[in-house]
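Here's the structure we're looking at; comments come further down.
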Amino acid sequence: MTDSFLMEACVDSVESAINAEKGGAVRLELCSSLLEGGITPSIGLLQVVKRYVKIPVYAMIRPRGGDFLYSEVEVDVMKRDIELVKSNGADGLVLGVLTEDGRVDADLCMELLAVARPLPVTFHRAFDMVQDPMVALETLVSLGFERLLTSGCDNSALEGLSLIRRLVEQAKGRIVIMPGGGITERNLQRILEGSGALEFHCSARSTKDSAMKFRNSCVNMGASLSVPEYALKVADVRKVRALNAIAKNTL
C-alpha cells in the first residue's frame, strides 16, 4: 500500500477554490459553467483564484459546451485562450479534441500542445466519447499528455470502473489515469480499490442558499436546463476532507 494519493477538485468559483484547498485538494481544475461540464474560465477568475490559493491551478480550455469537434474559428479561440491563461499564471491546462468519427484528433492536439508548452496538459473527458478507448490511450501517450481524466466511457466512474482498471493496467505509468465523474464519499473507496488509480477528480459540492432577500420567482436567467436561480453550488470543505480521508485510508 502507498500514501501517494492525490485529489484534484473541479471548481468554477473563487469560493470553491479556497474551500477545496482548505479541505486538502492538492490541485484544481478551474473552469466556468460546471452545468455544461466546464468551459474556459475568465481571466479575471483565474487571476483572483491564483491570488488566493497556493496549490496548482489547471485551466480548462473548452470554448463551448456540447461535443468536442471544433471549427477552425473555435480552434483559434482555444489557441488564444491557451496563450492568455499561460500568461496569467495557469500551472497547467485541461483540454480534449476529437475527430468526427470519434478518434482523438492527434493533429489538432499537437497544434494545441505546441501552444501550451511548457505547461503540463490533461486530456479531459472528451475521452469518454471515443470509439476505441484503448487505441485512444496509446494516442495520448504518444502525444505526451501528462494525465487522462475519464469516467471509463460511462456516465460515472463507478459505472466505468472495469474500463478504468484496464486503462490503468495498459498505461503502465506512462500517463496518469485519473478517475472522475460522480465520485462521492459513498463510492470513492470502491473506485480507488477497483481501479488501481492514485489520483481522483471530483467537485465535492454542496448547495448554498443565495443571500438575496428580494426574489423574483417569475424570472429564470438561464435556459430550461439550469440551476435554481437562488441556489449556488460550492465546494464543501467537509466533503473535500472526507474524500481525502477515505482516499488516505484506502491507499
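By order in the C-alpha cells, chains are A, B, ...; within a chain, residues start at 1; ligands start at 1, following the order shown.
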
Shell around A:Val104 at 12 Å using only C-alpha atoms, local window under 4 positions removed, as a ChimeraX atom specification: /A:68-69,95-100,108-110,123-143

Residues within 7 Å of stretch 47-58 of chain A, only C-alpha atoms, excluding chain neighbours under 5 positions, as a PyMOL selection string: chain A and resi 14+17-18+21+26-30+88+90-94

With all heavy atoms retained, could you export that selection as a short mmCIF file (atom, residue, chain, number, x, y, z; two decimals), in the first residue's frame?
data_model
loop_
_atom_site.label_atom_id
_atom_site.label_comp_id
_atom_site.auth_asym_id
_atom_site.auth_seq_id
_atom_site.Cartn_x
_atom_site.Cartn_y
_atom_site.Cartn_z
N VAL A 14 -14.18 31.35 -7.00
CA VAL A 14 -13.10 31.60 -6.05
C VAL A 14 -13.41 30.92 -4.72
O VAL A 14 -12.53 30.30 -4.11
CB VAL A 14 -12.89 33.12 -5.83
CG1 VAL A 14 -11.79 33.37 -4.80
CG2 VAL A 14 -12.56 33.81 -7.14
N ALA A 17 -12.64 27.30 -4.95
CA ALA A 17 -11.19 27.08 -4.99
C ALA A 17 -10.59 27.14 -3.59
O ALA A 17 -9.79 26.28 -3.20
CB ALA A 17 -10.53 28.11 -5.90
N ILE A 18 -10.98 28.14 -2.82
CA ILE A 18 -10.48 28.31 -1.46
C ILE A 18 -10.91 27.13 -0.59
O ILE A 18 -10.10 26.55 0.16
CB ILE A 18 -10.98 29.64 -0.86
CG1 ILE A 18 -10.34 30.82 -1.60
CG2 ILE A 18 -10.68 29.71 0.64
CD1 ILE A 18 -10.95 32.17 -1.25
N GLU A 21 -8.95 23.90 -1.41
CA GLU A 21 -7.60 23.89 -0.84
C GLU A 21 -7.65 23.66 0.66
O GLU A 21 -6.86 22.88 1.21
CB GLU A 21 -6.88 25.20 -1.16
CG GLU A 21 -5.45 25.21 -0.65
CD GLU A 21 -4.71 26.50 -1.02
OE1 GLU A 21 -5.24 27.59 -0.71
OE2 GLU A 21 -3.62 26.40 -1.59
N VAL A 26 -5.10 18.92 -3.69
CA VAL A 26 -3.72 19.33 -3.99
C VAL A 26 -3.58 19.89 -5.41
O VAL A 26 -2.49 20.31 -5.80
CB VAL A 26 -2.72 18.18 -3.79
CG1 VAL A 26 -2.73 17.73 -2.34
CG2 VAL A 26 -3.00 17.03 -4.72
N ARG A 27 -4.67 19.90 -6.15
CA ARG A 27 -4.66 20.54 -7.47
C ARG A 27 -6.09 20.94 -7.81
O ARG A 27 -7.05 20.27 -7.40
CB ARG A 27 -4.12 19.59 -8.53
CG ARG A 27 -3.98 20.21 -9.93
CD ARG A 27 -3.31 19.26 -10.92
NE ARG A 27 -4.07 18.05 -11.11
CZ ARG A 27 -3.63 16.83 -10.82
NH1 ARG A 27 -2.42 16.65 -10.32
NH2 ARG A 27 -4.40 15.78 -11.01
N LEU A 28 -6.24 22.03 -8.57
CA LEU A 28 -7.55 22.48 -9.02
C LEU A 28 -7.66 22.38 -10.52
O LEU A 28 -6.71 22.69 -11.24
CB LEU A 28 -7.80 23.94 -8.61
CG LEU A 28 -7.74 24.28 -7.12
CD1 LEU A 28 -7.95 25.78 -6.95
CD2 LEU A 28 -8.78 23.49 -6.34
N GLU A 29 -8.83 21.96 -10.99
CA GLU A 29 -9.20 22.18 -12.39
C GLU A 29 -10.16 23.36 -12.36
O GLU A 29 -11.24 23.27 -11.78
CB GLU A 29 -9.90 20.96 -12.99
CG GLU A 29 -10.37 21.20 -14.43
CD GLU A 29 -11.36 20.17 -14.92
OE1 GLU A 29 -10.91 19.13 -15.43
OE2 GLU A 29 -12.58 20.41 -14.78
N LEU A 30 -9.76 24.47 -12.97
CA LEU A 30 -10.56 25.68 -12.93
C LEU A 30 -11.32 25.85 -14.24
O LEU A 30 -10.74 25.82 -15.32
CB LEU A 30 -9.67 26.90 -12.69
CG LEU A 30 -10.39 28.24 -12.60
CD1 LEU A 30 -11.28 28.30 -11.36
CD2 LEU A 30 -9.38 29.40 -12.57
N ASN A 88 -1.27 34.39 -17.55
CA ASN A 88 -1.93 34.84 -16.32
C ASN A 88 -1.82 33.82 -15.19
O ASN A 88 -2.64 33.83 -14.27
CB ASN A 88 -3.39 35.19 -16.60
CG ASN A 88 -3.53 36.56 -17.26
OD1 ASN A 88 -3.55 37.58 -16.58
ND2 ASN A 88 -3.59 36.57 -18.59
N ALA A 90 -1.63 30.23 -15.07
CA ALA A 90 -2.09 28.83 -15.02
C ALA A 90 -0.88 27.91 -14.88
O ALA A 90 0.15 28.12 -15.50
CB ALA A 90 -2.87 28.49 -16.28
N ASP A 91 -1.03 26.89 -14.04
CA ASP A 91 0.05 25.93 -13.82
C ASP A 91 -0.02 24.75 -14.78
O ASP A 91 0.94 23.98 -14.90
CB ASP A 91 -0.01 25.42 -12.38
CG ASP A 91 0.14 26.55 -11.37
OD1 ASP A 91 1.25 27.08 -11.25
OD2 ASP A 91 -0.87 26.91 -10.74
N GLY A 92 -1.15 24.58 -15.42
CA GLY A 92 -1.35 23.50 -16.37
C GLY A 92 -2.64 23.74 -17.11
O GLY A 92 -3.39 24.67 -16.80
N LEU A 93 -2.93 22.88 -18.10
CA LEU A 93 -4.12 23.04 -18.93
C LEU A 93 -4.88 21.73 -18.99
O LEU A 93 -4.32 20.64 -18.78
CB LEU A 93 -3.73 23.47 -20.34
CG LEU A 93 -2.90 24.75 -20.46
CD1 LEU A 93 -2.45 24.94 -21.90
CD2 LEU A 93 -3.69 25.95 -20.00
N VAL A 94 -6.16 21.84 -19.30
CA VAL A 94 -7.04 20.69 -19.47
C VAL A 94 -7.80 20.89 -20.77
O VAL A 94 -8.49 21.89 -20.94
CB VAL A 94 -8.04 20.57 -18.30
CG1 VAL A 94 -8.90 19.33 -18.45
CG2 VAL A 94 -7.31 20.56 -16.96
#

Closest of A:Leu192, A:Val85, A:Ala204, A:Leu161 to A:Lys233, counting only C-alpha atoms, is A:Ala204

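Closest approach to A:Phe200 among A:Val219, A:Leu149, A:Lys239, A:Ala245 is made by A:Leu149 (distances from only C-alpha atoms).
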
If you run DSSP on the backbone, which residues of stretch 31-216 of chain A are strand (DSSP E), as an MDAnalysis selection string? chainID A and resid 57:60 92:95 121:123 147:150 176:179 199:202 205:209

Quick one: write out the picked residues with C-alpha atoms as a tab-separated table (two decimals), in the first residue's frame?
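Contents of the output file part.tsv:
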chain	number	residue	atom	x	y	z
A	57	VAL	CA	-4.37	25.52	-10.95
A	58	TYR	CA	-5.05	23.78	-14.26
A	59	ALA	CA	-7.27	25.87	-16.54
A	60	MET	CA	-9.91	24.28	-18.74
A	92	GLY	CA	-1.35	23.50	-16.37
A	93	LEU	CA	-4.12	23.04	-18.93
A	94	VAL	CA	-7.04	20.69	-19.47
A	95	LEU	CA	-8.33	20.09	-23.00
A	121	VAL	CA	-1.67	19.13	-20.09
A	122	THR	CA	-4.50	16.80	-19.04
A	123	PHE	CA	-6.79	15.27	-21.68
A	147	ARG	CA	-2.80	12.80	-17.49
A	148	LEU	CA	-6.13	11.40	-18.63
A	149	LEU	CA	-9.38	12.25	-16.86
A	150	THR	CA	-12.02	9.61	-17.53
A	176	VAL	CA	-1.62	9.18	-15.19
A	177	ILE	CA	-5.15	7.74	-15.28
A	178	MET	CA	-7.43	9.86	-13.10
A	179	PRO	CA	-11.00	8.63	-12.50
A	199	GLU	CA	-5.42	10.21	-8.34
A	200	PHE	CA	-9.09	11.11	-8.47
A	201	HIS	CA	-11.17	14.07	-9.61
A	202	CYS	CA	-14.39	15.43	-8.12
A	205	ARG	CA	-20.04	20.42	-3.86
A	206	SER	CA	-23.00	21.26	-1.67
A	207	THR	CA	-25.89	23.62	-2.34
A	208	LYS	CA	-25.64	27.04	-0.74
A	209	ASP	CA	-28.68	29.28	-0.50

Might you pull out every residue within 7 Å of A:Ile82, with only C-alpha atoms counted and same-chain residues fewer than 5 positions away left off, and present them as a ChimeraX atom specification? /A:61,115-116

Shortest interatomic distance to A:Ile43 - which of A:Glu111, A:Glu15, A:Asp81, A:Asp105, counting only C-alpha atoms: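 Ranked by minimum distance to A:Ile43, first place goes to A:Asp81.
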
List the spatial neighbours of A:Leu232 as number ranges by chain - criterion: any atom at most 12 Å away, only C-alpha atoms, same-chain residues fewer than 3 positions off excluded. A: 12-13, 15-16, 33-35, 205-212, 226-229, 235-236
